[in-house]
Amino acid sequence: MTLFLANESVAGDDALPSTFELIMQDRMAGGFKPAAQYLVNVICDSYPHLASSAPVKHFHESYALFKLLVERYCLAHYDSLLSERFYGIKRIEMHGKTTKPLSERTRHLTLLCNIGIPYVKAKLDAYYHSLVATNVGHRSDEEDEDVIPNQDEPSKMEMFLRQWKQLRIWSQLKKIFVDMYPTAHFSYEGTFLLYQWMYLFGYTPYFTPFLRAMKVAFARITPHDISTFDKKRLVQRANILKELDVHPSILNAIRKWIYKATWMTLDHSQTIMIFTIISFKFLEWMYSDMNPRPISHGNGNCPPPPPPLPPQLNNSAIPITSDAQRCALCNRIRTNPASCASGYVFCYPCIYQYVNDHHECPVTRLPCDVTSVARIYEDATP
Ligand SMILES: [Zn+2]
């Protein structure tokens, strides 16, 4: 455990990660939830029955629980949250000039500050927006005065009035909440921004007010840290396996196998995650509207397709005429042209009558009915 104590220079400038790294990791941490929400939406699009399942219905809660498990693991093994681990940053406790590794209490506080408080904040944000949408804050005061208690009414009425007063208290509380919340929100976000600026100019080693309250600073993970993390992890795992080997049984063999599989997944979680993200983005790009399949317009290297084969007319009901202006049914110059489903054009009365009688095209003998006979509004005379 000497690795953290060796990091004396944290009060100096070498070991402190830059503001921009921290902002990037902050943004990355903020991006996990929308990414998860997006993934859930995509899955629910393909499997709509999942949309009514409890984890999807209570997405915020399920996400918070999942995050709690992941961050708990990261804090226990690397003294950093998932996004911080990506950027090679760890957390250390500041005790004056010296630093110490995170205590169990600080780990719990870190989880509270990074999962509990943002969850409550998100809920309050949603509540505020729902109240604003129902216009609670801007309701006129007139309606508060329009019911006057009547002394002669029976107790039932009094009950009603009591309930109504309770409701009024609620509505007043809601009104106060709507009035106050923007200020509270601004102060909350503003404090974070202030700390980021102070950190940027070196006035404080704490990047956020939460870190200030916990006296926890960020430091870079050194190669020495990594080897120590690995050693610690291997020792823990060896101990677990040893315990399981004390009482060999089928159940313990299965547990051993599950442990090993889990560890292997966790060890390669970063690679798996990056690979998953890249594959997912690639698939999304391939099937998105932004990347339509190239359409050949015949002006590229592709040769134009051959003309369609002439229709097989051996079995025609009528011979086709070589004169394009002539109706094949009445053998006169077409008047009032109309086509049937096959595309051949005749006089409207001729084709209508024919299709009505035979339910087929006279030239191709393809089945069609009178609804497919379409008038063509052009002058039939040459
Ligand atoms: Zn005709």
# chains A, B, ... in the order shown; residues from 1 in each chain; ligands from 1

call {"tool": "residues_near_ligand", "arguments": {"ligand": "ligand 1", "cutoff": "12 Å", "atoms": "only C-alpha atoms and all ligand atoms", "output": "VMD selection string"}}
result
chain A and resid 321 325 to 339 344 to 354 362 380

call {"tool": "residues_around", "arguments": {"residues": "stretch 219-221 of chain A", "least_positions_apart": "3", "cutoff": "6 Å", "atoms": "only C-alpha atoms", "output": "list of chain:residue names"}}
result
A:Ala15, A:Leu16, A:Gly88, A:Ile89, A:Lys90, A:Asp225

call {"tool": "write_last_selection", "arguments": {"atoms": "C-alpha atoms", "output": "PDB file, in the first residue's frame"}}
result
ATOM      1  CA  ALA A  15       0.648  14.275 -10.774  1.00  0.00           C
ATOM      2  CA  LEU A  16      -2.490  16.386 -11.155  1.00  0.00           C
ATOM      3  CA  GLY A  88      -5.847   6.714 -16.225  1.00  0.00           C
ATOM      4  CA  ILE A  89      -6.984   8.769 -13.228  1.00  0.00           C
ATOM      5  CA  LYS A  90      -7.348   7.552  -9.642  1.00  0.00           C
ATOM      6  CA  ASP A 225      -0.109   1.539  -9.386  1.00  0.00           C
TER       7      ASP A 225
END

call {"tool": "select_by_dssp", "arguments": {"residues": "stretch 145-367 of chain A", "states": "strand (DSSP E)", "output": "list in words"}}
result
Val216, Ala217, Phe218, Ala219, Arg220, Pro337, Ala338, Ser339, Val345, Phe346 and Cys347 of chain A

call {"tool": "closest_residue", "arguments": {"among": "A:Ile278, A:Val70, A:Val40, A:Met198", "to": "A:Lys57", "atoms": "only C-alpha atoms"}}
result
A:Val40

call {"tool": "closest_residue", "arguments": {"among": "A:Ala35, A:Ser18, A:Ser130, A:Lys121", "to": "A:Phe201", "atoms": "only C-alpha atoms"}}
result
A:Ser18

call {"tool": "closest_residue", "arguments": {"among": "A:His49, A:His185, A:Arg212, A:His77", "to": "A:Lys232", "atoms": "only C-alpha atoms"}}
result
A:His77

call {"tool": "residues_around", "arguments": {"residues": "A:Tyr188", "least_positions_apart": "2", "cutoff": "12 Å", "atoms": "only C-alpha atoms", "output": "JSON, numbers by chain"}}
result
{"A": [117, 118, 121, 181, 182, 183, 184, 185, 186, 190, 191, 192, 193, 194, 195, 208, 209, 210]}

call {"tool": "atom_distance", "arguments": {"atom1": "atom CA of A:Val216", "atom2": "atom CA of A:Thr106"}}
result
8.3 Å

call {"tool": "residues_around", "arguments": {"residues": "A:Ser62", "least_positions_apart": "4", "cutoff": "12 Å", "atoms": "only C-alpha atoms", "output": "ChimeraX atom specification"}}
result
/A:33,36-37,40,53-58,66-69,115,119

call {"tool": "residues_around", "arguments": {"residues": "A:Glu84", "least_positions_apart": "4", "cutoff": "12 Å", "atoms": "only C-alpha atoms", "output": "PyMOL selection string"}}
result
chain A and resi 17+21-30+71+74-75+78-80+88-91+218-221

call {"tool": "atom_distance", "arguments": {"atom1": "atom CA of A:Ile258", "atom2": "atom CA of A:Thr276"}}
result
22.2 Å

call {"tool": "decode", "arguments": {"residues": "stretch 87-117 of chain A", "atoms": "C-alpha atoms", "output": "compact mmCIF listing (two decimals), in the first residue's frame"}}
result
# COMPACT_ATOMS: atom_id res chain seq x y z
CA TYR A 87 -8.40 8.27 -18.59
CA GLY A 88 -5.85 6.71 -16.22
CA ILE A 89 -6.98 8.77 -13.23
CA LYS A 90 -7.35 7.55 -9.64
CA ARG A 91 -8.72 9.11 -6.44
CA ILE A 92 -6.62 9.78 -3.37
CA GLU A 93 -7.48 11.20 0.03
CA MET A 94 -5.68 14.40 1.00
CA HIS A 95 -4.45 14.76 4.55
CA GLY A 96 -2.61 18.06 4.62
CA LYS A 97 0.46 17.61 2.47
CA THR A 98 0.35 13.83 2.49
CA THR A 99 -2.02 11.56 0.58
CA LYS A 100 -3.63 8.26 1.44
CA PRO A 101 -5.53 5.60 -0.48
CA LEU A 102 -9.32 5.75 -0.29
CA SER A 103 -10.88 4.46 2.90
CA GLU A 104 -14.03 2.35 2.79
CA ARG A 105 -16.03 5.32 4.11
CA THR A 106 -14.78 7.57 1.31
CA ARG A 107 -15.67 4.91 -1.24
CA HIS A 108 -19.23 4.86 0.07
CA LEU A 109 -19.38 8.66 0.01
CA THR A 110 -18.03 8.64 -3.55
CA LEU A 111 -20.82 6.29 -4.60
CA LEU A 112 -23.36 8.53 -2.87
CA CYS A 113 -22.02 11.67 -4.58
CA ASN A 114 -21.71 10.07 -8.01
CA ILE A 115 -24.84 7.95 -8.13
CA GLY A 116 -27.21 8.89 -5.30
CA ILE A 117 -27.14 12.68 -5.64
